Amino acid sequence: MNRFGEIIGDDRFASGYTTYTDHYGGEVQNTRIVLPLYVGTLLVSAVVDTAAPWCILNPAIVEQMSPNSMERVGEDRQNIRGIKYEGDLIRTNIKLHADYGEDLVIDATIFVPILKFDEVWNLPNFLGLDGFLHRIRFAVDPQSNTFYFGMIAD
């Protein structure tokens, strides 16, 4: 039993929680909070990054999405790990699947880098503060690799 189970439920801090992994892909050096989530209908992993101004998504994932499931809302430039990218801002649903409690679906804004012809995206997907994390409540229990989440009360 999770020791913070009492914070989940109606009129509580969180509506659900999920277990996260602490390494992205083959990385072993950096401890991270890596969440499984759905972007549209696609299951992906993303690193929680409160310093990222937007969620950032691998362009190959966006190519697999239905055009009806997203809306282009602008363009932006981002410096991602020292590399400057131009890209599109899209709106689509991101769903956090709850291991316990209720799933949470957020209408998120995502930065999708435009790659050069021969360029391959070799960075993680990121859940950024603007466009996603600032729209939810969240807490982390690193002892049990638990990510709690819920809607911000109106």
# chains A, B, ... in the order shown; residues from 1 in each chain; ligands from 1

call {"tool": "residues_around", "arguments": {"residues": "Asp76 in chain A", "least_positions_apart": "5", "cutoff": "8 Å", "atoms": "only C-alpha atoms", "output": "mmCIF file with all heavy atoms, in the first residue's frame"}}
result
data_model
loop_
_atom_site.group_PDB
_atom_site.id
_atom_site.type_symbol
_atom_site.label_atom_id
_atom_site.label_comp_id
_atom_site.auth_asym_id
_atom_site.auth_seq_id
_atom_site.Cartn_x
_atom_site.Cartn_y
_atom_site.Cartn_z
ATOM 1 N N GLU A 86 14.010 25.222 -34.699
ATOM 2 C CA GLU A 86 12.745 25.845 -35.023
ATOM 3 C C GLU A 86 11.731 24.724 -35.075
ATOM 4 O O GLU A 86 12.074 23.572 -35.375
ATOM 5 C CB GLU A 86 12.821 26.580 -36.352
ATOM 6 C CG GLU A 86 13.720 27.789 -36.274
ATOM 7 C CD GLU A 86 13.613 28.673 -37.494
ATOM 8 O OE1 GLU A 86 12.609 28.580 -38.225
ATOM 9 O OE2 GLU A 86 14.534 29.463 -37.691
ATOM 10 N N GLY A 87 10.480 25.055 -34.776
ATOM 11 C CA GLY A 87 9.479 23.999 -34.800
ATOM 12 C C GLY A 87 8.073 24.531 -34.708
ATOM 13 O O GLY A 87 7.839 25.740 -34.598
ATOM 14 N N ASP A 88 7.147 23.606 -34.758
ATOM 15 C CA ASP A 88 5.725 23.914 -34.685
ATOM 16 C C ASP A 88 5.210 23.691 -33.275
ATOM 17 O O ASP A 88 5.664 22.789 -32.567
ATOM 18 C CB ASP A 88 4.938 23.011 -35.642
ATOM 19 C CG ASP A 88 5.261 23.291 -37.093
ATOM 20 O OD1 ASP A 88 5.375 24.477 -37.451
ATOM 21 O OD2 ASP A 88 5.399 22.326 -37.870
ATOM 22 N N LEU A 89 4.241 24.496 -32.883
ATOM 23 C CA LEU A 89 3.496 24.273 -31.656
ATOM 24 C C LEU A 89 2.164 23.652 -32.045
ATOM 25 O O LEU A 89 1.462 24.169 -32.916
ATOM 26 C CB LEU A 89 3.250 25.589 -30.909
ATOM 27 C CG LEU A 89 4.488 26.277 -30.358
ATOM 28 C CD1 LEU A 89 4.119 27.641 -29.770
ATOM 29 C CD2 LEU A 89 5.164 25.415 -29.306
ATOM 30 N N PHE A 111 5.834 21.406 -28.427
ATOM 31 C CA PHE A 111 6.795 21.872 -29.426
ATOM 32 C C PHE A 111 7.308 20.659 -30.198
ATOM 33 O O PHE A 111 7.762 19.686 -29.594
ATOM 34 C CB PHE A 111 7.965 22.589 -28.744
ATOM 35 C CG PHE A 111 9.040 23.048 -29.692
ATOM 36 C CD1 PHE A 111 8.847 24.156 -30.493
ATOM 37 C CD2 PHE A 111 10.234 22.364 -29.778
ATOM 38 C CE1 PHE A 111 9.841 24.584 -31.370
ATOM 39 C CE2 PHE A 111 11.238 22.773 -30.647
ATOM 40 C CZ PHE A 111 11.037 23.895 -31.448
#

call {"tool": "select_by_dssp", "arguments": {"residues": "range 30-76 of chain A", "states": "helix (DSSP H, G or I)", "output": "MDAnalysis selection string"}}
result
chainID A and resid 59:64 67:69

call {"tool": "write_last_selection", "arguments": {"atoms": "N, CA and C atoms", "output": "CSV table (one decimal), in the first residue's frame"}}
result
chain,number,residue,atom,x,y,z
A,59,PRO,N,9.6,14.3,-33.5
A,59,PRO,CA,8.8,14.5,-34.7
A,59,PRO,C,8.3,13.2,-35.4
A,60,ALA,N,9.0,12.1,-35.2
A,60,ALA,CA,8.5,10.8,-35.8
A,60,ALA,C,7.2,10.4,-35.1
A,61,ILE,N,7.0,10.7,-33.9
A,61,ILE,CA,5.8,10.4,-33.2
A,61,ILE,C,4.6,11.1,-33.8
A,62,VAL,N,4.9,12.4,-34.0
A,62,VAL,CA,3.8,13.3,-34.5
A,62,VAL,C,3.4,12.8,-35.9
A,63,GLU,N,4.4,12.3,-36.7
A,63,GLU,CA,4.0,11.8,-38.0
A,63,GLU,C,3.1,10.6,-38.0
A,64,GLN,N,3.1,9.8,-36.8
A,64,GLN,CA,2.2,8.7,-36.7
A,64,GLN,C,0.8,9.0,-36.2
A,67,PRO,N,-4.0,13.4,-38.2
A,67,PRO,CA,-4.1,14.9,-38.3
A,67,PRO,C,-5.3,15.4,-37.6
A,68,ASN,N,-6.3,14.6,-37.5
A,68,ASN,CA,-7.5,15.1,-36.8
A,68,ASN,C,-7.4,15.2,-35.3
A,69,SER,N,-6.3,14.6,-34.7
A,69,SER,CA,-6.1,14.6,-33.3
A,69,SER,C,-5.2,15.7,-32.8

call {"tool": "atom_distance", "arguments": {"atom1": "CA of Tyr100 in chain A", "atom2": "CA of Met70 in chain A"}}
result
27.9 Å

call {"tool": "closest_atom_pairs", "arguments": {"of": "range 55-114 of chain A", "to": "range 31-41 of chain A", "cutoff": "7 Å", "atoms": "only C-alpha atoms", "output": "JSON lines"}}
result
{"residue": "A:Met65", "atom": "CA", "partner": "A:Gly40", "partner_atom": "CA", "distance": 6.9}
{"residue": "A:Ser69", "atom": "CA", "partner": "A:Gly40", "partner_atom": "CA", "distance": 6.3}
{"residue": "A:Thr92", "atom": "CA", "partner": "A:Gly40", "partner_atom": "CA", "distance": 6.6}
{"residue": "A:Asn93", "atom": "CA", "partner": "A:Gly40", "partner_atom": "CA", "distance": 5.5}
{"residue": "A:Ile94", "atom": "CA", "partner": "A:Val39", "partner_atom": "CA", "distance": 4.7}
{"residue": "A:Lys95", "atom": "CA", "partner": "A:Tyr38", "partner_atom": "CA", "distance": 5.0}
{"residue": "A:Leu96", "atom": "CA", "partner": "A:Leu37", "partner_atom": "CA", "distance": 5.0}
{"residue": "A:His97", "atom": "CA", "partner": "A:Leu37", "partner_atom": "CA", "distance": 6.3}

call {"tool": "select_by_dssp", "arguments": {"residues": "range 44-85 of chain A", "states": "strand (DSSP E or B)", "output": "list in words"}}
result
Val44, Ser45, Ala46, Val47, Val48, Asp49, Cys55, Ile56, Glu71, Arg72, Val73, Gly74, Glu75, Asp76, Arg77, Gln78, Asn79, Ile80, Ile83, Lys84 and Tyr85 of chain A

call {"tool": "write_last_selection", "arguments": {"atoms": "N, CA, C and O atoms", "output": "short mmCIF file (atom, residue, chain, number, x, y, z; two decimals), in the first residue's frame"}}
result
data_model
loop_
_atom_site.label_atom_id
_atom_site.label_comp_id
_atom_site.auth_asym_id
_atom_site.auth_seq_id
_atom_site.Cartn_x
_atom_site.Cartn_y
_atom_site.Cartn_z
N VAL A 44 3.84 6.65 -25.25
CA VAL A 44 5.23 7.11 -25.32
C VAL A 44 5.75 7.29 -23.90
O VAL A 44 4.99 7.28 -22.93
N SER A 45 7.04 7.50 -23.78
CA SER A 45 7.68 7.85 -22.51
C SER A 45 8.17 9.28 -22.62
O SER A 45 8.63 9.71 -23.68
N ALA A 46 8.09 10.02 -21.52
CA ALA A 46 8.57 11.40 -21.52
C ALA A 46 9.19 11.73 -20.17
O ALA A 46 8.73 11.27 -19.13
N VAL A 47 10.24 12.54 -20.22
CA VAL A 47 10.95 13.00 -19.03
C VAL A 47 10.24 14.24 -18.49
O VAL A 47 9.95 15.18 -19.24
N VAL A 48 9.94 14.25 -17.21
CA VAL A 48 9.37 15.43 -16.57
C VAL A 48 10.49 16.46 -16.47
O VAL A 48 11.55 16.19 -15.91
N ASP A 49 10.25 17.66 -17.03
CA ASP A 49 11.26 18.70 -17.06
C ASP A 49 10.61 20.04 -16.75
O ASP A 49 10.08 20.70 -17.65
N CYS A 55 6.23 21.16 -23.65
CA CYS A 55 6.45 19.74 -23.88
C CYS A 55 7.18 19.65 -25.21
O CYS A 55 6.95 20.46 -26.11
N ILE A 56 8.04 18.68 -25.36
CA ILE A 56 8.79 18.51 -26.60
C ILE A 56 8.62 17.06 -27.03
O ILE A 56 8.80 16.14 -26.22
N GLU A 71 -3.87 20.11 -33.52
CA GLU A 71 -4.08 21.40 -34.18
C GLU A 71 -2.79 22.20 -34.09
O GLU A 71 -2.22 22.35 -33.00
N ARG A 72 -2.32 22.70 -35.22
CA ARG A 72 -1.15 23.57 -35.23
C ARG A 72 -1.58 24.93 -34.73
O ARG A 72 -2.55 25.50 -35.22
N VAL A 73 -0.87 25.47 -33.71
CA VAL A 73 -1.26 26.74 -33.11
C VAL A 73 -0.19 27.81 -33.22
O VAL A 73 -0.37 28.93 -32.74
N GLY A 74 0.94 27.48 -33.84
CA GLY A 74 1.99 28.48 -33.99
C GLY A 74 3.34 27.85 -34.25
O GLY A 74 3.43 26.66 -34.56
N GLU A 75 4.34 28.67 -34.11
CA GLU A 75 5.72 28.19 -34.26
C GLU A 75 6.56 28.84 -33.18
O GLU A 75 6.18 29.84 -32.59
N ASP A 76 7.73 28.26 -32.94
CA ASP A 76 8.60 28.75 -31.89
C ASP A 76 10.02 28.32 -32.19
O ASP A 76 10.26 27.48 -33.08
N ARG A 77 10.96 28.88 -31.44
CA ARG A 77 12.36 28.46 -31.48
C ARG A 77 12.75 28.05 -30.08
O ARG A 77 12.41 28.73 -29.12
N GLN A 78 13.45 26.94 -29.97
CA GLN A 78 13.88 26.44 -28.67
C GLN A 78 15.34 26.04 -28.71
O GLN A 78 15.82 25.51 -29.72
N ASN A 79 16.03 26.27 -27.60
CA ASN A 79 17.38 25.79 -27.42
C ASN A 79 17.27 24.53 -26.57
O ASN A 79 16.95 24.59 -25.39
N ILE A 80 17.51 23.38 -27.20
CA ILE A 80 17.36 22.10 -26.52
C ILE A 80 18.73 21.46 -26.40
O ILE A 80 19.34 21.07 -27.40
N ILE A 83 21.35 23.00 -28.64
CA ILE A 83 21.08 23.03 -30.08
C ILE A 83 19.83 23.84 -30.32
O ILE A 83 18.80 23.63 -29.67
N LYS A 84 19.90 24.80 -31.27
CA LYS A 84 18.74 25.63 -31.57
C LYS A 84 17.87 24.95 -32.63
O LYS A 84 18.36 24.53 -33.67
N TYR A 85 16.58 24.84 -32.30
CA TYR A 85 15.61 24.24 -33.20
C TYR A 85 14.48 25.21 -33.47
O TYR A 85 14.03 25.92 -32.56
#

call {"tool": "residues_around", "arguments": {"residues": "range 13-27 of chain A", "least_positions_apart": "3", "cutoff": "12 Å", "atoms": "only C-alpha atoms", "output": "PyMOL selection string"}}
result
chain A and resi 2+4-10+30-37+44-48+95-105+122-126+136-153

call {"tool": "atom_distance", "arguments": {"atom1": "CA of Ile110 in chain A", "atom2": "CA of Arg12 in chain A"}}
result
28.2 Å

call {"tool": "atom_distance", "arguments": {"atom1": "CA of Trp121 in chain A", "atom2": "CA of Thr50 in chain A"}}
result
20.9 Å
